[in-house]
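Q: Below is a structure I'd like to ask you about.
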Amino acid sequence: MDQNQIMLALTKGDRVLTQELALLARAGIEPLDDPQSSRKLIFDTSLAGVQFMLLRSSDVATFVQHGISDVGMAGRDVLLEHGEDGYYQPLDLDFGHCRIMEAGLIEEPSLPRRLRIATKFVNIAQRYYARLGQQVDIIKLYGAMELAPITGMAHRIVDIVETGNTLKANGLTPMNLIHDVSMRLIVNKTAMKVKHRLVAEFIERMRTAVQDANR
């Protein structure tokens, strides 16, 4: 671990990466190569001592947790599913807003006592239904979640909802809010101790950028 270097983990994906880069630019941090056209995975930046790597959203927390990256940007949905140990969450970055919701058919038939739930958020769903005291069977899907209630594979789904338009178009409706979601800055616990000054300065730089974006 380079004591004079901060490694930042960013989430891939055109829309989220554009938002991440815009926030970093407000903080005076810009990549020296274009990450949206380059095949590189690690990038130098205009701020001495700061590099970033590009990762799948599901891997950002893992890289930060294991100290490969000192800090990272990840959606709270990913953090909740991954587990929130091994890193701090000092800052809500205030973009990427959506909700994790339970949804079902608009014209829902009578349901059995034990429900089948389709979701990619297995851990989040299990915790949610455990809190309700509801017995469920979880069916893990990675996409086309709306098909599960339509085809009878599942009674309800747990999924990310932004506008609700996709649900409505497929005869479903959001029912219960499970978690509000936004992008978060996360920090490796060891890095916070060993690189305290560098990390603290980076957090404050990002906090100022978030505040400026909201003015």
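Residue names in the structure tokens use chain letters A, B, ... in the order shown, residue numbers from 1 in each chain, and ligand numbers from 1 in the order shown.
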Which residues are near A:Gly171? Cut-off 12 Å, only C-alpha atoms, ignore same chain within fewer than 3 positions. Put them as a list in words.

A: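 So, after excluding close chain neighbours, the residues are Ala103, Gly104, Leu105, Ile106, Glu107, Glu108, Glu146, Leu147, Ala148, Pro149, Ile150, Thr151, Gly164, Asn165, Thr166, Leu167, Lys168 and Pro174 of chain A.
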
Q: Which residues of stretch 66-162 of chain A have any atom within 8 Å of an atom in stretch 11-32 of chain A when counting only C-alpha atoms, and what is the closest pair of atoms for each, with the distance in Å to one decimal? Order the rows by chain and rising number and write it as JSON lines.

A:
{"residue": "A:Met73", "atom": "CA", "partner": "A:Thr11", "partner_atom": "CA", "distance": 6.5}
{"residue": "A:Ala74", "atom": "CA", "partner": "A:Thr11", "partner_atom": "CA", "distance": 6.4}
{"residue": "A:Phe95", "atom": "CA", "partner": "A:Gln19", "partner_atom": "CA", "distance": 7.6}
{"residue": "A:Gly96", "atom": "CA", "partner": "A:Val16", "partner_atom": "CA", "distance": 7.2}

Q: Give me, as a count of residues only, the residues of stretch 80-164 of chain A that a backbone DSSP run labels strand (DSSP E or B).

A: 30

Q: For A:Asp212, which residue out of A:Leu93, A:Ile68, A:Leu80, A:Cys98 is the nearest one, using only C-alpha atoms?

A: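 Nearest candidate to A:Asp212 out of A:Leu93, A:Ile68, A:Leu80, A:Cys98: A:Leu93.
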
Q: Compare A:Arg39, A:Val210, A:Asp70, A:Asp85 by their minimum atom-to-atom distance to A:Asn4, counting only C-alpha atoms, and give me the closest one.

A: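 Residue with the minimum atom-to-atom distance to A:Asn4: A:Asp70.
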
Q: From the set A:Asp59, A:Asp92, A:Asp34, A:Glu84, which residue has the shortest atom-to-atom contact distance to A:Ser182, counting only C-alpha atoms?

A: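 Of A:Asp59, A:Asp92, A:Asp34, A:Glu84, the one nearest A:Ser182 is A:Asp92, counting only C-alpha atoms.
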
Q: Please compute the atom CA of A:Met7-atom CA of A:Lys40 distance, one decimal, in Å.

A: 14.7 Å

Q: Give me every helix (DSSP H, G or I) residue in chain A, going by DSSP on the backbone, as a ChimeraX atom specification.

A: /A:14-26,57-65,76-82,122-132,147-151,165-169,189-194,196-213
